[in-house]
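Novice: So that you have it, the file is coords.csv, and it contains CSV, C-alpha atoms:
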```
chain,number,residue,atom,x,y,z
A,236,MET,CA,-12.9,-24.6,5.6
A,237,LYS,CA,-9.9,-23.9,7.8
A,238,VAL,CA,-7.9,-20.7,7.5
A,239,ALA,CA,-4.5,-20.1,9.1
A,240,VAL,CA,-3.8,-16.4,9.9
A,241,LEU,CA,-0.1,-15.8,10.6
A,242,GLY,CA,0.2,-12.6,12.7
A,243,ALA,CA,-2.3,-11.5,15.3
A,244,GLY,CA,-1.5,-7.8,14.9
A,245,ALA,CA,-3.8,-4.9,13.8
A,246,VAL,CA,-4.5,-6.6,10.4
A,247,GLY,CA,-4.3,-10.3,11.3
A,248,ALA,CA,-6.7,-10.2,14.2
A,249,ARG,CA,-9.2,-8.2,12.0
A,250,VAL,CA,-8.9,-10.7,9.1
A,251,ALA,CA,-9.7,-13.6,11.6
A,252,ARG,CA,-12.7,-11.6,12.9
A,253,GLN,CA,-14.0,-10.8,9.4
A,254,LEU,CA,-13.7,-14.4,8.1
A,255,LEU,CA,-15.6,-15.7,11.1
A,256,ALA,CA,-18.3,-13.0,10.8
A,257,ALA,CA,-18.9,-14.0,7.1
A,258,ASP,CA,-19.1,-17.7,8.0
A,259,THR,CA,-16.8,-18.6,5.0
A,260,ALA,CA,-14.3,-20.2,7.3
A,261,THR,CA,-15.4,-22.8,9.8
A,262,GLN,CA,-12.3,-22.5,11.8
A,263,VAL,CA,-9.5,-19.9,12.0
A,264,LEU,CA,-6.0,-20.7,13.3
A,265,LEU,CA,-4.4,-17.5,14.6
A,266,ARG,CA,-0.7,-17.8,15.1
A,267,ASP,CA,1.8,-15.3,16.4
A,268,THR,CA,5.2,-15.3,18.2
A,269,SER,CA,3.9,-12.7,20.7
A,270,ALA,CA,1.8,-14.2,23.6
A,271,GLU,CA,0.7,-10.6,24.5
A,272,ARG,CA,-0.8,-10.0,21.0
A,273,LEU,CA,-2.4,-13.5,21.0
A,274,ALA,CA,-4.0,-12.9,24.4
A,275,LEU,CA,-5.4,-9.6,23.2
A,276,ALA,CA,-6.9,-11.2,20.1
A,277,ALA,CA,-8.3,-14.1,22.0
A,278,ARG,CA,-10.3,-11.9,24.2
A,279,THR,CA,-12.2,-10.4,21.3
A,280,LEU,CA,-12.6,-13.6,19.1
A,281,GLY,CA,-14.9,-16.5,19.7
A,282,ASP,CA,-14.5,-20.3,20.1
A,283,ARG,CA,-13.9,-20.9,16.5
A,284,VAL,CA,-10.4,-19.4,16.7
A,285,VAL,CA,-7.6,-21.7,17.7
A,286,ILE,CA,-4.7,-19.6,19.2
A,287,GLU,CA,-1.2,-20.8,18.6
A,288,HIS,CA,1.9,-19.4,20.1
A,289,HIS,CA,4.3,-20.7,17.5
A,290,PRO,CA,6.9,-19.6,14.9
A,291,PHE,CA,5.2,-18.4,11.8
A,292,PRO,CA,5.9,-20.8,8.9
A,293,ALA,CA,5.9,-24.2,10.5
A,294,HIS,CA,3.0,-26.8,10.2
A,295,LEU,CA,0.6,-25.0,7.9
A,296,ASP,CA,-2.4,-27.2,8.2
A,297,ALA,CA,-5.2,-25.2,6.6
A,298,ASP,CA,-7.1,-24.7,3.4
A,299,VAL,CA,-5.7,-21.1,3.0
A,300,VAL,CA,-2.9,-19.3,4.7
A,301,VAL,CA,-3.1,-15.6,5.3
A,302,VAL,CA,0.3,-14.1,6.0
A,303,ALA,CA,-0.1,-10.9,8.0
A,304,SER,CA,3.1,-11.3,10.0
A,305,PRO,CA,5.7,-8.6,10.3
A,306,ARG,CA,8.3,-7.7,7.7
A,307,GLY,CA,11.1,-10.3,7.4
A,308,THR,CA,8.8,-13.3,8.1
A,309,GLN,CA,6.6,-13.2,5.0
A,310,LEU,CA,9.1,-14.8,2.5
A,311,ALA,CA,9.6,-17.9,4.7
A,312,ALA,CA,5.8,-18.2,5.2
A,313,ALA,CA,5.2,-18.0,1.5
A,314,GLU,CA,7.9,-20.6,0.8
A,315,ALA,CA,6.4,-22.9,3.4
A,316,SER,CA,2.9,-22.4,2.1
A,317,ILE,CA,3.9,-23.2,-1.5
A,318,ALA,CA,6.0,-26.2,-0.4
A,319,VAL,CA,2.9,-27.8,1.2
A,320,GLY,CA,0.6,-26.8,-1.6
A,321,ARG,CA,-1.5,-24.3,0.4
A,322,PRO,CA,-3.0,-21.2,-1.3
A,323,ALA,CA,-1.7,-18.1,0.4
A,324,VAL,CA,-2.7,-14.4,0.8
A,325,LEU,CA,0.2,-12.2,1.6
A,326,VAL,CA,-0.4,-8.8,3.2
A,327,CYS,CA,3.1,-7.6,2.4
A,328,ASP,CA,4.0,-4.0,1.8
A,329,GLY,CA,7.8,-3.9,2.0
A,330,LEU,CA,9.5,-3.5,-1.4
A,331,ALA,CA,12.4,-5.8,-0.9
A,332,GLU,CA,10.3,-8.6,0.6
A,333,THR,CA,7.7,-8.3,-2.2
A,334,ILE,CA,10.4,-8.6,-4.8
A,335,ALA,CA,11.9,-11.7,-3.0
A,336,VAL,CA,8.4,-13.3,-2.7
A,337,LEU,CA,7.8,-12.7,-6.5
A,338,ARG,CA,10.9,-14.7,-7.2
A,339,LEU,CA,8.9,-17.7,-6.0
A,340,GLU,CA,6.5,-17.3,-8.9
A,341,ALA,CA,7.7,-20.3,-10.8
A,342,SER,CA,7.4,-22.5,-7.7
A,343,ALA,CA,3.8,-21.4,-7.1
A,344,ARG,CA,3.0,-22.0,-10.8
A,345,GLU,CA,4.5,-25.5,-10.7
A,346,ALA,CA,2.7,-26.3,-7.5
A,347,GLY,CA,-0.6,-25.0,-9.0
A,348,VAL,CA,-1.5,-23.0,-5.9
A,349,PRO,CA,-2.8,-19.4,-6.0
A,350,VAL,CA,-0.6,-17.0,-4.0
A,351,VAL,CA,-1.9,-13.4,-3.8
A,352,VAL,CA,0.9,-11.0,-3.2
A,353,GLY,CA,0.1,-7.6,-1.7
A,354,ALA,CA,-3.5,-8.0,-0.4
A,355,GLY,CA,-3.7,-5.0,1.8
A,356,PHE,CA,-4.5,-1.3,1.5
A,357,ALA,CA,-1.4,-0.4,-0.6
A,358,PRO,CA,-0.5,-2.6,-2.4
A,359,GLY,CA,-3.8,-4.4,-2.6
A,360,LEU,CA,-6.7,-2.0,-3.0
A,361,THR,CA,-4.5,0.2,-5.1
A,362,CYS,CA,-3.9,-2.7,-7.5
A,363,VAL,CA,-7.7,-3.4,-7.7
A,364,LEU,CA,-8.4,0.3,-8.3
A,365,ALA,CA,-5.7,0.4,-11.0
A,366,ALA,CA,-7.2,-2.6,-12.7
A,367,HIS,CA,-10.6,-1.0,-12.5
A,368,GLY,CA,-9.4,2.3,-13.8
A,369,MET,CA,-7.9,0.6,-16.9
A,370,SER,CA,-11.5,-0.1,-18.1
A,371,TRP,CA,-12.0,3.7,-18.7
A,372,PHE,CA,-9.3,3.8,-21.4
A,373,ASP,CA,-8.4,2.3,-24.7
A,374,GLU,CA,-4.7,2.7,-23.7
A,375,VAL,CA,-3.2,3.6,-20.4
A,376,GLU,CA,0.2,5.4,-20.4
A,377,GLU,CA,0.7,6.2,-16.8
A,378,ILE,CA,-0.3,4.9,-13.4
A,379,HIS,CA,0.6,7.0,-10.3
A,380,VAL,CA,-0.1,5.6,-6.8
A,381,SER,CA,0.0,7.5,-3.6
A,382,LYS,CA,-0.8,6.5,0.0
A,383,MET,CA,-1.2,8.1,3.3
A,384,GLY,CA,-1.0,6.4,6.7
A,385,ALA,CA,0.1,3.1,8.2
A,386,GLY,CA,-1.7,0.2,10.0
A,387,GLY,CA,-0.2,-1.3,13.1
A,388,PRO,CA,3.3,-0.9,14.5
A,389,ALA,CA,4.9,-3.4,12.0
A,390,CYS,CA,3.4,-1.5,9.1
A,391,ALA,CA,4.5,1.8,10.5
A,392,LEU,CA,8.0,0.6,10.7
A,393,VAL,CA,8.0,-0.4,7.0
A,394,HIS,CA,6.7,3.0,6.1
A,395,HIS,CA,9.3,4.8,8.3
A,396,ARG,CA,12.1,2.9,6.6
A,397,ALA,CA,10.6,3.3,3.1
A,398,LEU,CA,11.3,7.0,3.1
A,399,SER,CA,15.1,6.5,3.5
A,400,ARG,CA,15.4,3.7,1.0
A,401,ILE,CA,15.7,3.8,-2.8
A,402,SER,CA,12.4,4.0,-4.6
A,403,TYR,CA,11.7,2.2,-7.9
A,404,ASP,CA,9.6,3.8,-10.6
A,405,TRP,CA,8.9,2.2,-14.0
A,406,ARG,CA,9.6,4.6,-16.8
A,407,ASP,CA,9.8,3.8,-20.5
A,408,GLY,CA,11.0,0.2,-20.3
A,409,ASP,CA,13.3,0.5,-17.3
A,410,TRP,CA,13.4,0.8,-13.5
A,411,VAL,CA,14.4,4.3,-12.4
A,412,ARG,CA,16.0,4.5,-8.9
A,413,ARG,CA,15.5,7.6,-6.9
A,414,PRO,CA,16.2,8.4,-3.3
A,415,GLY,CA,13.2,8.0,-0.9
A,416,GLY,CA,11.9,11.3,0.4
A,417,SER,CA,12.6,13.2,-2.9
A,418,GLY,CA,10.1,14.3,-5.6
A,419,ARG,CA,7.5,16.2,-3.6
A,420,GLU,CA,4.1,16.2,-5.1
A,421,MET,CA,0.9,17.3,-3.5
A,422,CYS,CA,-1.9,14.8,-3.8
A,423,TRP,CA,-5.6,15.2,-3.0
A,424,PHE,CA,-6.8,12.2,-1.1
A,425,PRO,CA,-10.5,11.4,-0.4
A,426,GLU,CA,-11.9,13.1,2.7
A,427,PRO,CA,-11.2,13.3,5.6
A,428,VAL,CA,-7.5,13.1,4.6
A,429,GLY,CA,-7.5,15.8,1.9
A,430,PRO,CA,-4.4,17.3,0.4
A,431,ARG,CA,-1.0,16.0,1.5
A,432,ASP,CA,2.6,16.4,0.4
A,433,CYS,CA,3.8,13.0,-1.0
A,434,TYR,CA,7.3,11.8,-1.7
A,435,ARG,CA,9.0,8.9,-3.4
A,436,ALA,CA,9.6,5.9,-1.1
A,437,ALA,CA,10.5,2.2,-1.4
A,438,LEU,CA,7.0,1.0,-2.0
A,439,ALA,CA,5.9,-2.3,-3.7
A,440,ASP,CA,3.0,-0.9,-5.8
A,441,PRO,CA,5.1,-0.2,-9.0
A,442,VAL,CA,6.5,-3.7,-8.9
A,443,LEU,CA,3.1,-5.4,-8.7
A,444,LEU,CA,1.5,-3.0,-11.2
A,445,HIS,CA,4.2,-3.5,-13.7
A,446,HIS,CA,3.8,-7.3,-13.3
A,447,ALA,CA,0.1,-6.9,-14.1
A,448,PHE,CA,0.4,-4.2,-16.8
A,449,PRO,CA,3.7,-4.5,-18.5
A,450,GLY,CA,2.5,-2.3,-21.4
A,451,VAL,CA,2.0,0.8,-19.2
A,452,GLY,CA,4.9,3.2,-19.9
A,453,ARG,CA,5.2,4.9,-16.5
A,454,ILE,CA,4.3,3.6,-13.0
A,455,THR,CA,5.2,5.6,-9.9
A,456,SER,CA,4.3,5.5,-6.2
A,457,ARG,CA,4.6,8.1,-3.4
A,458,MET,CA,3.7,8.2,0.2
A,459,ALA,CA,2.5,11.2,2.3
A,460,ALA,CA,5.1,12.4,4.8
A,461,THR,CA,5.9,15.4,6.9
A,462,ARG,CA,9.2,17.3,7.2
A,463,ARG,CA,9.8,15.4,10.5
A,464,ASP,CA,9.1,12.0,8.8
A,465,ARG,CA,11.7,12.8,6.1
A,466,LEU,CA,14.2,14.1,8.6
A,467,THR,CA,14.0,11.2,11.0
A,468,ALA,CA,13.6,8.4,8.3
A,469,PRO,CA,17.2,7.3,8.4
A,470,MET,CA,17.1,7.0,12.2
A,471,PRO,CA,15.3,4.4,14.4
A,472,MET,CA,11.7,5.4,15.1
A,473,LEU,CA,11.8,8.0,17.8
A,474,THR,CA,8.3,7.5,19.1
A,475,PRO,CA,6.4,4.3,19.4
A,476,ALA,CA,3.9,3.7,16.5
A,477,HIS,CA,0.1,3.9,17.1
A,478,ALA,CA,-1.2,0.4,18.0
A,479,GLU,CA,-4.0,0.6,15.4
A,480,GLY,CA,-3.0,3.4,13.0
A,481,ALA,CA,-4.8,6.6,12.3
A,482,ALA,CA,-6.9,7.7,9.3
A,483,GLY,CA,-5.3,6.8,6.0
A,484,ALA,CA,-6.1,6.9,2.3
A,485,VAL,CA,-4.9,5.7,-1.1
A,486,ARG,CA,-5.1,7.4,-4.5
A,487,VAL,CA,-4.6,5.9,-7.9
A,488,GLU,CA,-4.3,8.2,-10.9
A,489,LEU,CA,-4.4,6.8,-14.4
A,490,ARG,CA,-3.6,8.8,-17.5
A,491,GLY,CA,-4.3,7.5,-21.0
A,492,ARG,CA,-6.3,7.7,-24.2
A,493,GLN,CA,-10.0,7.2,-24.8
A,494,GLY,CA,-10.4,7.2,-28.6
A,495,ALA,CA,-8.5,10.3,-29.7
A,496,VAL,CA,-8.8,12.1,-26.3
A,497,GLN,CA,-6.2,12.2,-23.6
A,498,ASP,CA,-7.8,11.8,-20.2
A,499,THR,CA,-7.1,11.3,-16.5
A,500,VAL,CA,-9.1,9.1,-14.0
A,501,VAL,CA,-8.4,9.4,-10.2
A,502,LEU,CA,-9.7,6.7,-7.9
A,503,GLY,CA,-9.2,6.4,-4.2
A,504,ALA,CA,-10.4,5.4,-0.8
A,505,ALA,CA,-10.1,6.7,2.8
A,506,GLU,CA,-10.1,4.3,5.8
A,507,ARG,CA,-7.9,3.4,8.7
A,508,PRO,CA,-5.2,1.3,6.8
A,509,ALA,CA,-5.4,-1.7,9.1
A,510,VAL,CA,-9.1,-1.9,8.7
A,511,ALA,CA,-8.9,-1.5,5.0
A,512,ALA,CA,-6.1,-4.0,4.7
A,513,ALA,CA,-8.0,-6.6,6.7
A,514,ALA,CA,-11.1,-6.1,4.5
A,515,VAL,CA,-9.0,-6.6,1.3
A,516,ALA,CA,-7.2,-9.7,2.7
A,517,ALA,CA,-10.4,-11.3,4.1
A,518,THR,CA,-12.1,-10.7,0.7
A,519,ALA,CA,-9.2,-12.2,-1.2
A,520,THR,CA,-9.2,-15.2,1.2
A,521,GLU,CA,-13.0,-15.7,0.6
A,522,TRP,CA,-12.4,-15.6,-3.2
A,523,ILE,CA,-9.8,-18.4,-2.8
A,524,LEU,CA,-12.1,-20.5,-0.7
A,525,THR,CA,-15.0,-20.1,-3.1
A,526,GLY,CA,-12.8,-20.6,-6.2
A,527,ARG,CA,-13.4,-17.1,-7.7
A,528,LEU,CA,-9.8,-16.2,-8.4
A,529,ALA,CA,-9.0,-15.7,-12.1
A,530,MET,CA,-5.7,-17.7,-12.1
A,531,SER,CA,-3.4,-20.0,-10.2
A,532,GLY,CA,0.2,-19.1,-9.5
A,533,MET,CA,1.5,-15.9,-8.0
A,534,ALA,CA,0.4,-12.4,-8.7
A,535,GLY,CA,-1.1,-9.3,-7.3
A,536,LEU,CA,-4.8,-8.6,-7.0
A,537,ALA,CA,-4.8,-6.6,-10.2
A,538,GLU,CA,-4.3,-9.9,-12.1
A,539,MET,CA,-6.2,-12.2,-9.9
A,540,VAL,CA,-9.7,-10.7,-9.4
A,541,ASP,CA,-12.5,-9.1,-11.3
A,542,PRO,CA,-12.1,-5.5,-10.0
A,543,VAL,CA,-15.8,-4.6,-10.2
A,544,GLU,CA,-16.9,-7.7,-8.3
A,545,PHE,CA,-14.1,-7.3,-5.8
A,546,LEU,CA,-14.9,-3.6,-5.2
A,547,ARG,CA,-18.5,-4.5,-4.7
A,548,ASP,CA,-17.6,-7.2,-2.1
A,549,LEU,CA,-15.4,-4.5,-0.3
A,550,VAL,CA,-18.4,-2.2,-0.2
A,551,GLU,CA,-20.3,-4.9,1.7
A,552,ARG,CA,-17.4,-4.9,4.2
A,553,GLY,CA,-17.7,-1.2,4.6
A,554,LEU,CA,-14.8,-0.2,2.4
A,555,ARG,CA,-16.1,2.1,-0.3
A,556,SER,CA,-13.9,3.4,-3.1
A,557,GLU,CA,-14.3,6.8,-4.6
A,558,ILE,CA,-13.7,8.7,-7.9
A,559,PHE,CA,-12.5,12.3,-8.2
A,560,LYS,CA,-14.7,14.3,-10.5
A,561,GLY,CA,-13.3,17.7,-11.5
A,562,ASP,CA,-10.1,19.5,-12.5
A,563,HIS,CA,-6.9,19.9,-10.6
A,564,ALA,CA,-6.9,16.4,-9.2
A,565,SER,CA,-3.2,16.8,-8.5
A,566,ALA,CA,-0.9,19.7,-7.9
B,89,MET,CA,44.0,35.7,17.6
B,90,LYS,CA,43.0,38.4,15.1
B,91,ALA,CA,43.1,35.9,12.3
B,92,ILE,CA,40.8,33.5,14.2
B,93,MET,CA,38.3,36.3,14.9
B,94,GLY,CA,38.4,37.2,11.3
B,95,ALA,CA,37.7,33.6,10.2
B,96,ILE,CA,34.7,33.4,12.7
B,97,ARG,CA,33.3,36.7,11.4
B,98,ARG,CA,33.6,35.5,7.8
B,99,ALA,CA,31.9,32.2,8.7
B,100,LEU,CA,29.1,34.0,10.4
B,101,ALA,CA,28.6,36.3,7.5
B,102,ALA,CA,28.5,33.4,5.1
B,103,LEU,CA,25.9,31.6,7.3
B,104,MET,CA,23.8,34.7,7.5
B,105,ALA,CA,23.9,35.2,3.7
B,106,ALA,CA,23.0,31.5,3.1
B,107,ALA,CA,20.1,31.8,5.6
B,108,LEU,CA,18.8,35.0,3.9
B,109,MET,CA,19.0,33.4,0.5
B,110,ALA,CA,17.2,30.2,1.7
B,111,ALA,CA,14.5,32.3,3.4
B,112,ALA,CA,14.0,34.4,0.2
B,113,LEU,CA,13.7,31.2,-1.9
B,114,ARG,CA,11.3,29.6,0.5
B,115,VAL,CA,9.0,32.6,0.6
B,116,ARG,CA,9.1,33.0,-3.2
B,117,GLY,CA,8.5,29.3,-3.7
B,118,ARG,CA,5.4,29.1,-1.5
B,119,VAL,CA,2.4,29.0,-3.7
B,120,GLY,CA,-0.2,27.6,-1.2
B,121,LEU,CA,-2.7,24.9,-2.0
B,122,PRO,CA,-3.9,24.6,-5.5
B,123,ARG,CA,-7.6,25.3,-5.9
B,124,GLU,CA,-9.6,22.1,-6.0
B,125,ALA,CA,-12.4,22.2,-8.5
B,126,GLY,CA,-14.6,19.2,-8.1
B,127,GLY,CA,-14.7,16.5,-5.4
B,128,TRP,CA,-14.8,12.9,-4.5
B,129,ARG,CA,-17.9,10.8,-4.9
B,130,PRO,CA,-18.4,7.1,-4.1
B,131,LEU,CA,-18.2,4.5,-6.9
B,132,GLY,CA,-21.5,2.7,-7.4
B,133,GLY,CA,-23.9,1.3,-9.9
B,134,PRO,CA,-23.6,-1.9,-12.0
B,135,GLY,CA,-20.1,-1.0,-13.3
B,136,MET,CA,-18.9,0.6,-10.1
B,137,ARG,CA,-18.4,3.9,-11.9
```
Do you think you could lay out the structure here as structure tokens?
Specialist:
Amino acid sequence: MKVAVLGAGAVGARVARQLLAADTATQVLLRDTSAERLALAARTLGDRVVIEHHPFPAHLDADVVVVASPRGTQLAAAEASIAVGRPAVLVCDGLAETIAVLRLEASAREAGVPVVVGAGFAPGLTCVLAAHGMSWFDEVEEIHVSKMGAGGPACALVHHRALSRISYDWRDGDWVRRPGGSGREMCWFPEPVGPRDCYRAALADPVLLHHAFPGVGRITSRMAATRRDRLTAPMPMLTPAHAEGAAGAVRVELRGRQGAVQDTVVLGAAERPAVAAAAVAATATEWILTGRLAMSGMAGLAEMVDPVEFLRDLVERGLRSEIFKGDHASA
Amino acid sequence: MKAIMGAIRRALAALMAAALMAAALRVRGRVGLPREAGGWRPLGGPGMR
């Protein structure tokens, strides 16, 4: 099996490494427009990786295409992948691009190819955790996602901009637009991250979760930020982003009814976002290669995988999810 | 000149009043971290619960 990984950044290079380590892919084609990033990745990967210094979407000759390229290049890659009938895994986290990609849903369904949208830390693991959390309830009324941290520099830029853009929350049958950086709420993430102030931002999680669970009345997302993050969000990034990202975490809170009782379940995970995103994307790719996806066409992971099995596979890759037991899970 | 000085004085007084109000609101609004009762534990077992 041959896998093409578009983007040799913090996530893409790790996806290539994980696929080769698991022996699911016989060959990995790693493509990027940056010779520097490719040279760095080539030093750490073995002979089974073919390095290509090439524009992202052209000549996709592989059994599965993993799109881990920067914001603004993923839509074209998804279009090209669907056009040649190749299954694709998209590690996209930008709201506008995710919405644009989801508009290709009819094309993917007609082509009969599975396209996984948002196969990273958030969205990605958050969608799987939400799908898993649904099993605790007879009826879920609210899903609240929060995240902390960013992966490589491309991911950090998306996060930086998200705080100054309009966020979309699903509330009682309609999308509610709110300014990014508003709506402070303190969220307790798994250790070592702990409590952080989180704010609304232009995040893709509500869009994918509403696609998966249209009956849930309220879906929101927030990201952790400091005062400086909020102040500088409308400006260009003042300091260069960390090459690999620091510690991060995600948290998914579900509120609903079990029998006659109202209850809350809080699930989460803590890991460096690039490492976690690569584990999720590599696992999703393996599920495509082994025919384990629940459906063809385009959707997020919440609709495409069995959450219990997927979380178990992630544990084998070192990404363990957690549950909060106790009161005062959120401020 | 006297009118300009008066305007500057009034502007400074308004700024000081606003700063005092903001400081009072900020101090009163600070409640610290909510107490966390419980903790995170890994999902596991056959149902990953």
Novice: What residues in chain B have any atom no more than 6 Å from chain A when counting only C-alpha atoms, and can you write them as a PyMOL selection string?
Specialist: chain B and resi 124-131
Novice: Would you mind listing what lies within 9 Å of stretch 292-303 of chain A as a ChimeraX atom specification, with all atoms listed in the file counted and same-chain residues fewer than 4 positions away left out?
Specialist: /A:236-244,246-247,250,263-264,308-309,311-316,319,321-327,516-517,520,523-524
Novice: Would you export the selected residues with C-alpha atoms as an mmCIF file, in the frame of the given file, please?
Specialist:
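The resulting file, result05.cif, is shown below:
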```
data_model
loop_
_atom_site.group_PDB
_atom_site.id
_atom_site.type_symbol
_atom_site.label_atom_id
_atom_site.label_comp_id
_atom_site.auth_asym_id
_atom_site.auth_seq_id
_atom_site.Cartn_x
_atom_site.Cartn_y
_atom_site.Cartn_z
ATOM 1 C CA MET A 236 -12.900 -24.600 5.600
ATOM 2 C CA LYS A 237 -9.900 -23.900 7.800
ATOM 3 C CA VAL A 238 -7.900 -20.700 7.500
ATOM 4 C CA ALA A 239 -4.500 -20.100 9.100
ATOM 5 C CA VAL A 240 -3.800 -16.400 9.900
ATOM 6 C CA LEU A 241 -0.100 -15.800 10.600
ATOM 7 C CA GLY A 242 0.200 -12.600 12.700
ATOM 8 C CA ALA A 243 -2.300 -11.500 15.300
ATOM 9 C CA GLY A 244 -1.500 -7.800 14.900
ATOM 10 C CA VAL A 246 -4.500 -6.600 10.400
ATOM 11 C CA GLY A 247 -4.300 -10.300 11.300
ATOM 12 C CA VAL A 250 -8.900 -10.700 9.100
ATOM 13 C CA VAL A 263 -9.500 -19.900 12.000
ATOM 14 C CA LEU A 264 -6.000 -20.700 13.300
ATOM 15 C CA THR A 308 8.800 -13.300 8.100
ATOM 16 C CA GLN A 309 6.600 -13.200 5.000
ATOM 17 C CA ALA A 311 9.600 -17.900 4.700
ATOM 18 C CA ALA A 312 5.800 -18.200 5.200
ATOM 19 C CA ALA A 313 5.200 -18.000 1.500
ATOM 20 C CA GLU A 314 7.900 -20.600 0.800
ATOM 21 C CA ALA A 315 6.400 -22.900 3.400
ATOM 22 C CA SER A 316 2.900 -22.400 2.100
ATOM 23 C CA VAL A 319 2.900 -27.800 1.200
ATOM 24 C CA ARG A 321 -1.500 -24.300 0.400
ATOM 25 C CA PRO A 322 -3.000 -21.200 -1.300
ATOM 26 C CA ALA A 323 -1.700 -18.100 0.400
ATOM 27 C CA VAL A 324 -2.700 -14.400 0.800
ATOM 28 C CA LEU A 325 0.200 -12.200 1.600
ATOM 29 C CA VAL A 326 -0.400 -8.800 3.200
ATOM 30 C CA CYS A 327 3.100 -7.600 2.400
ATOM 31 C CA ALA A 516 -7.200 -9.700 2.700
ATOM 32 C CA ALA A 517 -10.400 -11.300 4.100
ATOM 33 C CA THR A 520 -9.200 -15.200 1.200
ATOM 34 C CA ILE A 523 -9.800 -18.400 -2.800
ATOM 35 C CA LEU A 524 -12.100 -20.500 -0.700
#
```
Novice: Determine, for each residue of stretch 265-377 of chain A having at least one atom at most 8 Å from an atom of stretch 391-396 of chain A, the closest pair of atoms and their separation in Å to one decimal, counting all atoms listed in the file; order by chain and ascending number, as CSV.
Specialist:
```
residue,atom,partner,partner_atom,distance
A:Arg306,CA,A:Val393,CA,7.3
A:Asp328,CA,A:Val393,CA,7.5
A:Gly329,CA,A:Val393,CA,6.1
```
Novice: Got time to write the residues from that selection, C-alpha atoms, as a PDB file, in the coordinates of the input?
Specialist:
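Dumped to selection.pdb:
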```pdb
ATOM      1  CA  ARG A 306       8.300  -7.700   7.700  1.00  0.00           C
ATOM      2  CA  ASP A 328       4.000  -4.000   1.800  1.00  0.00           C
ATOM      3  CA  GLY A 329       7.800  -3.900   2.000  1.00  0.00           C
TER       4      GLY A 329
END
```
Novice: Calculate how many Å separate atom CA of A:Ala519 from atom CA of A:Ala354, rounding to one decimal.
Specialist: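 Between these atoms lies a distance of 7.1 Å.
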Novice: Would you please work out which residue, of A:Asp404, A:Asp464, A:Asp373, A:Glu287, is nearest to A:Gln493 when using all atoms listed in the file?
Specialist: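 With all atoms listed in the file as the atom set, the closest residue is A:Asp373.
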Novice: Hey, can you check how far atom CA of A:Val351 sits from atom CA of A:Phe291?
Specialist: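 Interatomic distance here is 17.9 Å.
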Novice: Pick from A:Gly281, A:Gly415, A:Gly535, A:Gly553: nearest to A:Arg457, with all atoms listed in the file counted?
Specialist: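 Nearest to A:Arg457: A:Gly415.
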Novice: Just to confirm, what's the straight-line distance from atom CA of A:Ser342 to atom CA of A:Ile317 in Å (one decimal)?
Specialist: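 Separation between atom CA of A:Ser342 and atom CA of A:Ile317: 7.2 Å.
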Novice: Could you tell me which of A:Val485, A:Ala260, A:Leu265, A:Met472 comes closest to A:Pro358 if we count all atoms listed in the file?
Specialist: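 Closest to A:Pro358 of all the choices is A:Val485.
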Novice: Using all atoms listed in the file, can you tell me which of A:Met369, A:Met383, A:Ala256, A:Ala389 comes closest to A:His477?
Specialist: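 Smallest distance to A:His477 is found for A:Ala389.
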